[in-house]
Structures are given as structure tokens and as C-alpha cells.
Amino acid sequence: MNFKPLTAASVFMALVAASIFMSMTYFAAPTLAQAAASTQTADFVRKASIGNIFEIESSKLAVARTSAKDVKNFALMMMADHTQLGDQLKKTLASSDTGLSVAEKPDDQLQKTLDSLKAAPTTAFDNLYVQAQSKAHDDAVSLFADYADSGDNMDLKNFASSAIPTLKKHQELVHSLTQSHMISRQ
């Protein structure tokens, strides 16, 4: 083979071409942190929307099945407030650049809980519903607070932050129901 000696100009051009290529791949490819942030946002939207569906659907059951006025009033509030939160989440997603949409149905675990509520005897329904709502609201407050603190999408962080007072109010109310229904059953 016949190699030509490299000139300073050809070395310089090769370095320029390499640095252009490297900067193009650096700016075009998402970093690991960006990929994780996108996953974080998708996870938040998925969990928030399936939780919201569960709140509404389980509360519809409660309105139809309970004879306790406090449980029925709580369930009616859940239906109204979580319908509003769901609409706000849809609106936030529509105006964001995430390309995400809300879930249309609960995940398998929450569906099993809904099925258990549907099958529960009337005498056990209120207690099971209140327990399910208590867990759901503990999970929701934690999920929304975590995303409000460390989420990567500002629109969704603002949504999460604005929803926390409502979720905490629900959490306090359902914990109160838990206490009153545990006491009344003893």
C-alpha cells in the first residue's frame, strides 16, 4: 500500500469533522437522565390516571351499595372531585409536549380491588370501600407530592402541586371514616 503523509491541514479537517459529528450525536441523542425523566413522567401520568379511574369507579359502587350517609357523601365527593382532577390532567397533557394521554381503565391490581368490592357482601362493603379509599389516597398523596417535588415536566409538576390540597383533604376525610367505621363495628 502506498500511504501519503498526513499534512497539518488534513489532520485539522479530520478533527473538525469528528467534533462536528460528536456534537451532532451529543445534542441529538437523549441522555440517560432525559430518558429517565421521560419514564418518570409517563409513570406519573399512568399511576395518576389509573388511580383516578379507581376513585371514581369504586365511588360509583359505594353510592349504589352503601346505606351509610357519611360513606355515600364521601363517595359523591370523590366522584365530583376526581372527575374534575381527571379533566384537569387531560387538559394539562393536551397542552404539554409529552405526547402522553390518560389511561382508559384501571390496572389489573385495581381492577381486582373493584371486582372484590362488587362481590363483597353488603355488610362488609362499607369497611372494604373505606379501606380501599384510604390506601388509594395514601398512595395518591405520595405520588403527587413526589412528582411535584422532583418531576421533570413543569406543567405536570404544577398540576400535581395544585392537586395535593384536594387529595390531602380526601385523605383526612377517609381516615376519619376509617376511625368512625372501625369504632361503630366494634
# chains A, B, ... in the order shown; residues from 1 in each chain; ligands from 1
>>> closest_atom_pairs(of="range 88-143 of chain A", to="range 42-49 of chain A", cutoff="10 Å", atoms="only C-alpha atoms", output="CSV")
residue,atom,partner,partner_atom,distance
A:Leu89,CA,A:Ser49,CA,8.0
A:Lys90,CA,A:Ser49,CA,9.2
A:Leu93,CA,A:Val45,CA,8.9
A:Thr98,CA,A:Ala42,CA,8.4
A:Gly99,CA,A:Ala42,CA,9.5
A:Leu100,CA,A:Ala42,CA,7.0
A:Ser101,CA,A:Val45,CA,7.6
A:Val102,CA,A:Ser49,CA,5.5
A:Ala103,CA,A:Ser49,CA,5.6
A:Glu104,CA,A:Ser49,CA,8.0
A:Lys105,CA,A:Ser49,CA,8.5
A:Pro106,CA,A:Ser49,CA,8.2
A:Asp107,CA,A:Lys47,CA,8.9
A:Asp139,CA,A:Lys47,CA,9.5
A:Ala140,CA,A:Ala48,CA,7.2
A:Leu143,CA,A:Phe44,CA,7.2
>>> write_last_selection(atoms="N, CA and C atoms", output="mmCIF file, in the first residue's frame")
data_model
loop_
_atom_site.group_PDB
_atom_site.id
_atom_site.type_symbol
_atom_site.label_atom_id
_atom_site.label_comp_id
_atom_site.auth_asym_id
_atom_site.auth_seq_id
_atom_site.Cartn_x
_atom_site.Cartn_y
_atom_site.Cartn_z
ATOM 1 N N LEU A 89 -56.109 16.889 34.401
ATOM 2 C CA LEU A 89 -54.958 16.130 33.906
ATOM 3 C C LEU A 89 -55.005 16.027 32.382
ATOM 4 N N LYS A 90 -56.171 15.739 31.826
ATOM 5 C CA LYS A 90 -56.314 15.667 30.362
ATOM 6 C C LYS A 90 -55.960 17.006 29.719
ATOM 7 N N LEU A 93 -52.190 17.569 29.896
ATOM 8 C CA LEU A 93 -51.489 16.733 28.915
ATOM 9 C C LEU A 93 -51.679 17.255 27.495
ATOM 10 N N THR A 98 -45.628 16.310 26.054
ATOM 11 C CA THR A 98 -45.275 14.949 26.451
ATOM 12 C C THR A 98 -45.725 13.892 25.452
ATOM 13 N N GLY A 99 -46.813 14.165 24.741
ATOM 14 C CA GLY A 99 -47.371 13.159 23.847
ATOM 15 C C GLY A 99 -48.097 12.048 24.601
ATOM 16 N N LEU A 100 -48.320 12.238 25.895
ATOM 17 C CA LEU A 100 -48.966 11.224 26.728
ATOM 18 C C LEU A 100 -50.466 11.475 26.826
ATOM 19 N N SER A 101 -51.197 10.416 27.133
ATOM 20 C CA SER A 101 -52.629 10.551 27.397
ATOM 21 C C SER A 101 -52.957 9.726 28.635
ATOM 22 N N VAL A 102 -54.136 9.964 29.183
ATOM 23 C CA VAL A 102 -54.539 9.269 30.400
ATOM 24 C C VAL A 102 -54.912 7.822 30.080
ATOM 25 N N ALA A 103 -54.804 6.974 31.084
ATOM 26 C CA ALA A 103 -55.248 5.586 30.959
ATOM 27 C C ALA A 103 -56.766 5.572 30.828
ATOM 28 N N GLU A 104 -57.264 4.553 30.175
ATOM 29 C CA GLU A 104 -58.715 4.434 29.978
ATOM 30 C C GLU A 104 -59.374 3.490 30.968
ATOM 31 N N LYS A 105 -58.564 2.671 31.664
ATOM 32 C CA LYS A 105 -59.126 1.712 32.609
ATOM 33 C C LYS A 105 -58.108 1.464 33.720
ATOM 34 N N PRO A 106 -58.564 0.917 34.839
ATOM 35 C CA PRO A 106 -57.627 0.640 35.935
ATOM 36 C C PRO A 106 -56.666 -0.492 35.554
ATOM 37 N N ASP A 107 -55.535 -0.563 36.238
ATOM 38 C CA ASP A 107 -54.612 -1.677 36.011
ATOM 39 C C ASP A 107 -55.195 -2.943 36.640
ATOM 40 N N ASP A 139 -51.549 6.484 48.712
ATOM 41 C CA ASP A 139 -50.704 6.325 47.521
ATOM 42 C C ASP A 139 -50.723 7.585 46.661
ATOM 43 N N ALA A 140 -51.897 8.163 46.480
ATOM 44 C CA ALA A 140 -52.030 9.342 45.620
ATOM 45 C C ALA A 140 -51.289 10.542 46.196
ATOM 46 N N LEU A 143 -47.609 9.921 45.605
ATOM 47 C CA LEU A 143 -47.286 10.037 44.172
ATOM 48 C C LEU A 143 -47.246 11.497 43.730
#
>>> closest_residue(among="A:Val174, A:Leu85, A:Ala160, A:Ala119", to="Asn52 in chain A", atoms="only C-alpha atoms")
A:Leu85
>>> residues_around(residues="Thr178 in chain A", least_positions_apart="2", cutoff="8 Å", atoms="only C-alpha atoms", output="PyMOL selection string")
chain A and resi 127+130-131+134+174-176+180-182
>>> atom_distance(atom1="CA of Leu173 in chain A", atom2="CA of Ala132 in chain A")
13.3 Å
>>> atom_distance(atom1="CA of Asp97 in chain A", atom2="CA of Phe54 in chain A")
26.3 Å
>>> residues_around(residues="Ala120 in chain A", least_positions_apart="6", cutoff="10 Å", atoms="only C-alpha atoms", output="ChimeraX atom specification")
/A:65,114,126,128-129
>>> select_by_dssp(residues="range 32-141 of chain A", states="helix (DSSP H, G or I)", output="ChimeraX atom specification")
/A:32-65,69-95,108-119,122-141
